[in-house]
Protein chains: 2
Amino acid sequence: MIPLSSDRPRRADAVRNRERVLAAAEQVFAESGLKAQVEEVARRAGVGVGTVCRHFPTKQALVEAVLTSMFESVLEQAREALAGTDPAEGFERFFINLPEFHTRHRVFAEQMANELELTALPVRNELMGAVSELVARAQAAGAIRTDIGPADVSLLFSAVAHATAIAGELQPMLRERYVRIILDGLRPDNASVLPGQPLDFSQLRRMKQRRAR
Amino acid sequence: MIPLSSDRPRRADAVRNRERVLAAAEQVFAESGLKAQVEEVARRAGVGVGTVCRHFPTKQALVEAVLTSMFESVLEQAREALAGTDPAEGFERFFINLPEFHTRHRVFAEQMANELELTALPVRNELMGAVSELVARAQAAGAIRTDIGPADVSLLFSAVAHATAIAGELQPMLRERYVRIILDGLRPDNASVLPGQPLDFSQLRRMKQRRAR
DNA sequence: CGGCAAACGGAATACGGCTTCCGGTTTGGA
DNA sequence: TCCAAACCGGAAGCCGTATTCCGTTTGCCG
């Protein structure tokens, strides 16, 4: 319950354990998703449950910490993709080539599909901005169809991540198969006509909030 | 715990209540997925929790009953699609036009992605067979790419169902948007090369079992 | 109509997972 | 080296949800 203010100096073992817990949580959540138990996180970190709960007063807090680091890493990849000169290549690379995006995607996907996500992490907004730009540039370059929005793209890829979460060692391969199929479906050639309008993140957010009621 | 053998004659109110419970469960699970509470099912059916648990000794049993009726209805749609003369049209219709498939897809999708699914419902196998045939025929007719298998197709569409589960009234529209994008990606023209091999249901089953360990 | 077994409702129980609490241990400074 | 404060582990408490139990009601049959 104590906010554990970050300005106060901590003991060496405390900061060490916090790191361990965070790393273990990242691993465990990646494997088992949100349903993973905090006791498993504690075991994997080599500490007691009490320690986990002191550093992260609630499971939700732990999840948020993991998600933040995940979003940061994905955001960095998005920025790299944006830094390149070829928009089409950057778009593809972002959705295929990122090991972090893939390996850690299970919670990520669950989070995206999760109506409980009330807490808006600031880094998440930045990522949404970067993805929007990636999509817009690829569209401007004629690499992908223009009747879709950034939130459409995001939903499609999180769907793939979810569907392939059950696969074992085949997982990375399946993921790439389905990402490539969707990329083929996103090309402007042979595009069939879609109902509705391109979906952006603000509409997606509104939908979620409406449903949460 | 008593198996409630089906040959023994039942009282009229018992069979009526069983129907009500099943209908309520179908509704509730469709709305909220597996996380729906049995008390809510009881309330919606206008009976007490005890009644629900007598007819379906465990929540799992209730879920299976709902899934079975769901699979049956989808299977019927698949057979209709197979009965037509144009394989390409049958394939598309199956994946776009079926209101049951769409409306009830939430548990359906969760079930497909769920490693707990140890119990092999017989009707499920039949459905897998029908889908396999639908895919094979469409491929033979040159309507979809040949480097994918029936389980690939199944995973892709269950992914869409999951990703759009959060959407409110926009849900049907989004679903159709994404189904169409994937159908575009499944066409033989402009298909990029995929890693790995076409996935069939027996491989998918093996993956799930391995992971369950 | 009367009796009785089946079925009902919902309060009580069981259970699994998160969170808290406390006696013992470690750290870091004097 | 020694002490106080910070920190640790894990048992105990708590909470939400599925399941069971039992007194009461209801349909069925003679």
# chains A, B, ... in the order shown; residues from 1 in each chain; ligands from 1
call {"tool": "calpha_fit_and_write", "arguments": {"fixed": "chain A", "moving": "chain B", "output": "compact mmCIF listing (two decimals) with C-alpha atoms, in the first residue's frame"}}
result
# COMPACT_ATOMS: atom_id res chain seq x y z
CA MET B 1 -0.35 0.07 -0.13
CA ILE B 2 2.50 2.47 0.53
CA PRO B 3 3.25 4.19 -2.78
CA LEU B 4 6.92 3.27 -2.45
CA SER B 5 8.00 6.69 -3.64
CA SER B 6 10.78 6.45 -6.14
CA ASP B 7 12.81 9.38 -4.83
CA ARG B 8 13.57 7.73 -1.52
CA PRO B 9 16.88 5.81 -1.62
CA ARG B 10 16.49 2.04 -1.64
CA ARG B 11 18.63 -0.70 -0.30
CA ALA B 12 20.79 -2.57 -2.77
CA ASP B 13 19.03 -5.90 -2.34
CA ALA B 14 15.70 -4.19 -2.89
CA VAL B 15 16.57 -2.81 -6.29
CA ARG B 16 18.16 -6.09 -7.26
CA ASN B 17 15.09 -8.05 -6.28
CA ARG B 18 12.83 -5.64 -8.08
CA GLU B 19 14.75 -6.27 -11.27
CA ARG B 20 14.60 -10.01 -10.78
CA VAL B 21 10.88 -9.93 -10.22
CA LEU B 22 10.30 -7.83 -13.30
CA ALA B 23 12.41 -10.12 -15.44
CA ALA B 24 10.68 -13.22 -14.10
CA ALA B 25 7.28 -11.65 -14.64
CA GLU B 26 8.11 -10.80 -18.22
CA GLN B 27 9.12 -14.39 -18.84
CA VAL B 28 6.17 -15.97 -17.08
CA PHE B 29 3.58 -13.68 -18.62
CA ALA B 30 5.07 -14.25 -22.04
CA GLU B 31 4.64 -17.99 -21.58
CA SER B 32 1.30 -18.18 -19.88
CA GLY B 33 -0.40 -14.85 -20.38
CA LEU B 34 -2.44 -13.05 -17.81
CA LYS B 35 -3.52 -16.25 -16.13
CA ALA B 36 -0.01 -16.83 -14.76
CA GLN B 37 0.11 -16.84 -10.96
CA VAL B 38 2.14 -14.41 -8.92
CA GLU B 39 3.49 -17.30 -6.89
CA GLU B 40 5.06 -18.68 -10.05
CA VAL B 41 6.62 -15.29 -10.70
CA ALA B 42 8.02 -15.28 -7.17
CA ARG B 43 9.42 -18.79 -7.55
CA ARG B 44 11.04 -17.98 -10.86
CA ALA B 45 12.55 -14.82 -9.40
CA GLY B 46 13.85 -16.75 -6.40
CA VAL B 47 11.99 -14.61 -3.89
CA GLY B 48 8.91 -14.96 -1.71
CA VAL B 49 5.45 -13.82 -2.73
CA GLY B 50 5.63 -11.11 -0.10
CA THR B 51 8.51 -9.52 -1.93
CA VAL B 52 6.66 -9.49 -5.20
CA CYS B 53 3.65 -7.86 -3.59
CA ARG B 54 5.72 -5.25 -1.81
CA HIS B 55 7.33 -4.07 -5.02
CA PHE B 56 4.13 -4.31 -7.03
CA PRO B 57 1.23 -3.84 -4.65
CA THR B 58 -1.19 -5.62 -6.95
CA LYS B 59 -1.02 -8.06 -9.82
CA GLN B 60 -2.41 -5.41 -12.09
CA ALA B 61 0.54 -3.17 -11.20
CA LEU B 62 2.94 -5.94 -12.07
CA VAL B 63 1.26 -6.50 -15.41
CA GLU B 64 1.42 -2.81 -16.17
CA ALA B 65 5.11 -2.66 -15.38
CA VAL B 66 5.77 -5.56 -17.74
CA LEU B 67 3.60 -4.05 -20.43
CA THR B 68 5.35 -0.74 -20.17
CA SER B 69 8.75 -2.26 -20.82
CA MET B 70 7.22 -4.27 -23.64
CA PHE B 71 5.66 -1.21 -25.24
CA GLU B 72 8.93 0.63 -24.93
CA SER B 73 10.80 -2.03 -26.79
CA VAL B 74 8.17 -2.20 -29.53
CA LEU B 75 8.12 1.56 -29.77
CA GLU B 76 11.81 1.56 -30.37
CA GLN B 77 11.39 -0.91 -33.23
CA ALA B 78 8.68 1.26 -34.71
CA ARG B 79 10.94 4.29 -34.60
CA GLU B 80 13.68 2.38 -36.33
CA ALA B 81 11.27 1.36 -39.04
CA LEU B 82 10.23 4.98 -39.42
CA ALA B 83 13.83 6.11 -39.66
CA GLY B 84 14.40 4.12 -42.85
CA THR B 85 13.86 5.65 -46.25
CA ASP B 86 11.53 3.09 -47.81
CA PRO B 87 8.05 3.26 -46.21
CA ALA B 88 6.91 -0.06 -47.65
CA GLU B 89 9.97 -1.87 -46.40
CA GLY B 90 9.69 -0.24 -42.97
CA PHE B 91 6.07 -1.29 -42.66
CA GLU B 92 6.82 -4.88 -43.55
CA ARG B 93 9.83 -5.08 -41.35
CA PHE B 94 7.95 -3.75 -38.38
CA PHE B 95 5.31 -6.44 -38.67
CA ILE B 96 7.54 -9.36 -39.50
CA ASN B 97 11.05 -8.92 -38.26
CA LEU B 98 10.75 -8.04 -34.61
CA PRO B 99 11.64 -10.83 -32.24
CA GLU B 100 10.51 -8.93 -29.17
CA PHE B 101 7.19 -8.11 -30.67
CA HIS B 102 6.70 -11.76 -31.44
CA THR B 103 8.13 -13.46 -28.41
CA ARG B 104 6.44 -11.23 -25.92
CA HIS B 105 3.25 -10.91 -27.78
CA ARG B 106 1.04 -13.08 -25.68
CA VAL B 107 0.28 -10.63 -22.88
CA PHE B 108 0.53 -7.87 -25.36
CA ALA B 109 -2.25 -9.35 -27.43
CA GLU B 110 -4.36 -10.20 -24.43
CA GLN B 111 -3.95 -6.69 -23.23
CA MET B 112 -5.07 -5.24 -26.53
CA ALA B 113 -8.16 -7.38 -26.51
CA ASN B 114 -8.83 -6.69 -22.88
CA GLU B 115 -11.53 -4.30 -21.80
CA LEU B 116 -10.01 -4.06 -18.34
CA GLU B 117 -7.30 -1.89 -19.78
CA LEU B 118 -8.56 1.33 -18.20
CA THR B 119 -5.14 2.66 -17.33
CA ALA B 120 -3.70 4.50 -20.29
CA LEU B 121 0.03 4.02 -20.22
CA PRO B 122 1.67 7.06 -21.81
CA VAL B 123 4.09 4.96 -23.80
CA ARG B 124 1.14 3.24 -25.37
CA ASN B 125 -0.04 6.48 -26.90
CA GLU B 126 3.36 7.10 -28.37
CA LEU B 127 3.35 3.67 -29.92
CA MET B 128 -0.07 4.27 -31.42
CA GLY B 129 1.25 7.47 -32.92
CA ALA B 130 4.23 5.71 -34.44
CA VAL B 131 2.08 2.94 -35.89
CA SER B 132 -0.27 5.51 -37.36
CA GLU B 133 2.61 7.18 -39.08
CA LEU B 134 4.00 3.89 -40.34
CA VAL B 135 0.63 3.08 -41.87
CA ALA B 136 0.12 6.55 -43.31
CA ARG B 137 3.53 6.54 -44.96
CA ALA B 138 3.04 3.10 -46.44
CA GLN B 139 -0.28 4.23 -47.82
CA ALA B 140 1.17 7.44 -49.23
CA ALA B 141 3.81 5.34 -50.97
CA GLY B 142 1.11 3.14 -52.50
CA ALA B 143 2.36 0.06 -50.66
CA ILE B 144 -0.89 -0.78 -48.87
CA ARG B 145 -4.57 -0.17 -49.48
CA THR B 146 -6.02 3.12 -48.31
CA ASP B 147 -9.37 1.90 -47.06
CA ILE B 148 -7.91 0.79 -43.74
CA GLY B 149 -6.76 2.74 -40.69
CA PRO B 150 -3.98 2.20 -38.16
CA ALA B 151 -6.31 0.55 -35.65
CA ASP B 152 -7.43 -1.93 -38.30
CA VAL B 153 -3.84 -2.94 -38.83
CA SER B 154 -3.17 -3.17 -35.13
CA LEU B 155 -6.23 -5.36 -34.49
CA LEU B 156 -5.37 -7.67 -37.34
CA PHE B 157 -1.88 -8.35 -36.09
CA SER B 158 -2.89 -8.75 -32.49
CA ALA B 159 -5.41 -11.29 -33.75
CA VAL B 160 -2.62 -13.30 -35.33
CA ALA B 161 -0.61 -13.21 -32.14
CA HIS B 162 -3.53 -14.54 -30.19
CA ALA B 163 -4.40 -17.31 -32.59
CA THR B 164 -0.85 -18.60 -32.71
CA ALA B 165 -0.29 -18.39 -28.98
CA ILE B 166 -1.27 -22.04 -28.60
CA ALA B 167 1.39 -23.29 -30.97
CA GLY B 168 4.58 -24.66 -29.48
CA GLU B 169 7.83 -24.57 -31.39
CA LEU B 170 5.90 -24.02 -34.59
CA GLN B 171 4.71 -20.70 -33.24
CA PRO B 172 7.21 -18.39 -34.96
CA MET B 173 6.66 -20.06 -38.28
CA LEU B 174 2.88 -19.93 -38.06
CA ARG B 175 3.08 -16.35 -37.00
CA GLU B 176 5.08 -15.45 -40.05
CA ARG B 177 2.74 -17.42 -42.30
CA TYR B 178 -0.26 -15.49 -41.11
CA VAL B 179 1.44 -12.14 -41.03
CA ARG B 180 2.42 -12.65 -44.64
CA ILE B 181 -1.07 -13.66 -45.65
CA ILE B 182 -2.46 -10.53 -44.05
CA LEU B 183 0.21 -8.39 -45.65
CA ASP B 184 -0.87 -9.87 -48.98
CA GLY B 185 -4.43 -8.91 -48.10
CA LEU B 186 -3.37 -5.37 -47.33
CA ARG B 187 -1.86 -4.72 -50.75
CA PRO B 188 -3.75 -2.31 -52.97
CA ASP B 189 -3.91 -4.70 -55.92
CA ASN B 190 -6.95 -6.93 -56.08
CA ALA B 191 -8.39 -5.31 -52.97
CA SER B 192 -12.08 -6.04 -52.63
CA VAL B 193 -14.36 -3.33 -51.32
CA LEU B 194 -14.72 -3.12 -47.55
CA PRO B 195 -17.76 -2.03 -45.57
CA GLY B 196 -17.37 0.88 -43.14
CA GLN B 197 -14.56 3.37 -42.76
CA PRO B 198 -10.87 3.16 -41.88
CA LEU B 199 -10.55 2.69 -38.13
CA ASP B 200 -8.22 4.86 -36.09
CA PHE B 201 -7.15 4.48 -32.48
CA SER B 202 -9.47 7.10 -31.05
CA GLN B 203 -12.48 5.25 -32.41
CA LEU B 204 -11.12 1.99 -31.10
CA ARG B 205 -10.70 3.52 -27.66
CA ARG B 206 -14.24 4.81 -27.72
CA MET B 207 -15.55 1.36 -28.60
CA LYS B 208 -13.73 -0.19 -25.71
CA GLN B 209 -14.95 2.38 -23.25
CA ARG B 210 -18.51 1.98 -24.40
CA ARG B 211 -18.29 -1.72 -23.94
CA ALA B 212 -16.72 -1.41 -20.48
CA ARG B 213 -19.89 0.21 -19.18
call {"tool": "interface_residues", "arguments": {"of": "chain D", "to": "chain A", "cutoff": "7 Å", "atoms": "only C-alpha atoms (C1' of nucleotides)", "output": "short mmCIF file (atom, residue, chain, number, x, y, z; two decimals) with N, CA and C atoms (P, O5', C5', C4', C3', O3' and C1' of nucleotides), in the first residue's frame"}}
result
data_model
loop_
_atom_site.label_atom_id
_atom_site.label_comp_id
_atom_site.auth_asym_id
_atom_site.auth_seq_id
_atom_site.Cartn_x
_atom_site.Cartn_y
_atom_site.Cartn_z
P DC D 7 13.79 -1.08 1.69
"O5'" DC D 7 13.83 -2.66 1.85
"C5'" DC D 7 15.09 -3.32 1.86
"C4'" DC D 7 14.88 -4.78 2.16
"C3'" DC D 7 13.77 -5.44 1.33
"O3'" DC D 7 14.36 -6.42 0.50
"C1'" DC D 7 13.74 -6.12 3.61
P DC D 8 13.48 -7.29 -0.47
"O5'" DC D 8 13.37 -8.67 0.29
"C5'" DC D 8 14.56 -9.34 0.67
"C4'" DC D 8 14.21 -10.57 1.49
"C3'" DC D 8 13.12 -11.41 0.84
"O3'" DC D 8 13.64 -12.66 0.45
"C1'" DC D 8 12.66 -11.01 3.17
P DG D 9 12.75 -13.58 -0.55
"O5'" DG D 9 12.05 -14.56 0.49
"C5'" DG D 9 12.85 -15.34 1.34
"C4'" DG D 9 11.97 -16.15 2.27
"C3'" DG D 9 10.91 -16.99 1.56
"O3'" DG D 9 10.95 -18.32 2.07
"C1'" DG D 9 9.87 -15.51 3.13
P DG D 10 10.19 -19.50 1.37
"O5'" DG D 10 8.80 -19.66 2.14
"C5'" DG D 10 8.80 -19.72 3.56
"C4'" DG D 10 7.41 -19.40 4.08
"C3'" DG D 10 6.27 -20.06 3.29
"O3'" DG D 10 5.24 -20.36 4.20
"C1'" DG D 10 5.89 -17.81 3.39
#
call {"tool": "select_by_dssp", "arguments": {"residues": "range 8-201 of chain B", "states": "alpha helix (DSSP H)", "output": "JSON, numbers by chain"}}
result
{"B": [12, 13, 14, 15, 16, 17, 18, 19, 20, 21, 22, 23, 24, 25, 26, 27, 28, 29, 30, 31, 32, 38, 39, 40, 41, 42, 43, 44, 45, 49, 50, 51, 52, 53, 54, 55, 59, 60, 61, 62, 63, 64, 65, 66, 67, 68, 69, 70, 71, 72, 73, 74, 75, 76, 77, 78, 79, 80, 81, 82, 83, 87, 88, 89, 90, 91, 92, 93, 94, 95, 96, 99, 100, 101, 102, 103, 105, 106, 107, 108, 109, 110, 111, 112, 122, 123, 124, 125, 126, 127, 128, 129, 130, 131, 132, 133, 134, 135, 136, 137, 138, 139, 140, 150, 151, 152, 153, 154, 155, 156, 157, 158, 159, 160, 161, 162, 163, 171, 172, 173, 174, 175, 176, 177, 178, 179, 180, 181, 182, 183, 184, 185, 186, 201]}
call {"tool": "interface_residues", "arguments": {"of": "chain C", "to": "chain B", "cutoff": "10 Å", "atoms": "only C-alpha atoms (C1' of nucleotides)", "output": "PyMOL selection string"}}
result
chain C and resi 6-10
call {"tool": "write_last_selection", "arguments": {"atoms": "N, CA and C atoms (P, O5', C5', C4', C3', O3' and C1' of nucleotides)", "output": "PDB file, in the first residue's frame"}}
result
ATOM      1  P    DA C   6     -36.744 -40.684  -7.617  1.00  0.00           P
ATOM      2  O5'  DA C   6     -36.845 -39.540  -8.719  1.00  0.00           O
ATOM      3  C5'  DA C   6     -38.033 -39.408  -9.477  1.00  0.00           C
ATOM      4  C4'  DA C   6     -38.224 -37.955  -9.843  1.00  0.00           C
ATOM      5  C3'  DA C   6     -36.930 -37.213 -10.165  1.00  0.00           C
ATOM      6  O3'  DA C   6     -37.142 -36.470 -11.350  1.00  0.00           O
ATOM      7  C1'  DA C   6     -38.101 -36.055  -8.458  1.00  0.00           C
ATOM      8  P    DA C   7     -35.982 -35.649 -12.023  1.00  0.00           P
ATOM      9  O5'  DA C   7     -36.221 -34.204 -11.420  1.00  0.00           O
ATOM     10  C5'  DA C   7     -37.402 -33.495 -11.779  1.00  0.00           C
ATOM     11  C4'  DA C   7     -37.426 -32.165 -11.057  1.00  0.00           C
ATOM     12  C3'  DA C   7     -36.166 -31.309 -11.225  1.00  0.00           C
ATOM     13  O3'  DA C   7     -36.579 -30.034 -11.687  1.00  0.00           O
ATOM     14  C1'  DA C   7     -36.796 -31.452  -8.949  1.00  0.00           C
ATOM     15  P    DC C   8     -35.527 -28.899 -11.965  1.00  0.00           P
ATOM     16  O5'  DC C   8     -35.830 -27.925 -10.734  1.00  0.00           O
ATOM     17  C5'  DC C   8     -37.172 -27.581 -10.449  1.00  0.00           C
ATOM     18  C4'  DC C   8     -37.213 -26.691  -9.236  1.00  0.00           C
ATOM     19  C3'  DC C   8     -36.082 -25.655  -9.218  1.00  0.00           C
ATOM     20  O3'  DC C   8     -36.623 -24.352  -9.250  1.00  0.00           O
ATOM     21  C1'  DC C   8     -36.251 -26.814  -7.122  1.00  0.00           C
ATOM     22  P    DG C   9     -35.629 -23.109  -9.527  1.00  0.00           P
ATOM     23  O5'  DG C   9     -35.320 -22.571  -8.056  1.00  0.00           O
ATOM     24  C5'  DG C   9     -36.402 -22.218  -7.233  1.00  0.00           C
ATOM     25  C4'  DG C   9     -35.891 -21.748  -5.894  1.00  0.00           C
ATOM     26  C3'  DG C   9     -34.793 -20.704  -5.952  1.00  0.00           C
ATOM     27  O3'  DG C   9     -35.114 -19.695  -5.005  1.00  0.00           O
ATOM     28  C1'  DG C   9     -34.023 -22.629  -4.762  1.00  0.00           C
ATOM     29  P    DG C  10     -34.393 -18.291  -5.007  1.00  0.00           P
ATOM     30  O5'  DG C  10     -33.323 -18.377  -3.823  1.00  0.00           O
ATOM     31  C5'  DG C  10     -33.723 -18.961  -2.579  1.00  0.00           C
ATOM     32  C4'  DG C  10     -32.505 -19.408  -1.809  1.00  0.00           C
ATOM     33  C3'  DG C  10     -31.275 -18.493  -1.953  1.00  0.00           C
ATOM     34  O3'  DG C  10     -30.584 -18.507  -0.729  1.00  0.00           O
ATOM     35  C1'  DG C  10     -30.677 -20.636  -2.505  1.00  0.00           C
TER      36       DG C  10
END
call {"tool": "residues_around", "arguments": {"residues": "range 11-13 of chain D", "least_positions_apart": "6", "cutoff": "10 Å", "atoms": "only C-alpha atoms (C1' of nucleotides)", "output": "number ranges by chain"}}
result
C: 19-22
call {"tool": "residues_around", "arguments": {"residues": "DC3 in chain D", "least_positions_apart": "3", "cutoff": "12 Å", "atoms": "only C-alpha atoms (C1' of nucleotides)", "output": "ChimeraX atom specification"}}
result
/C:27-30
call {"tool": "write_last_selection", "arguments": {"atoms": "C-alpha atoms (C1' of nucleotides)", "output": "PDB file, in the first residue's frame"}}
result
ATOM      1  C1'  DT C  27      22.146  -4.249   4.824  1.00  0.00           C
ATOM      2  C1'  DG C  28      24.587  -0.144   5.594  1.00  0.00           C
ATOM      3  C1'  DG C  29      26.233   3.406   8.456  1.00  0.00           C
ATOM      4  C1'  DA C  30      28.366   4.920  12.994  1.00  0.00           C
TER       5       DA C  30
END
call {"tool": "atom_distance", "arguments": {"atom1": "C1' of DT20 in chain D", "atom2": "C1' of DC18 in chain C"}}
result
25.1 Å
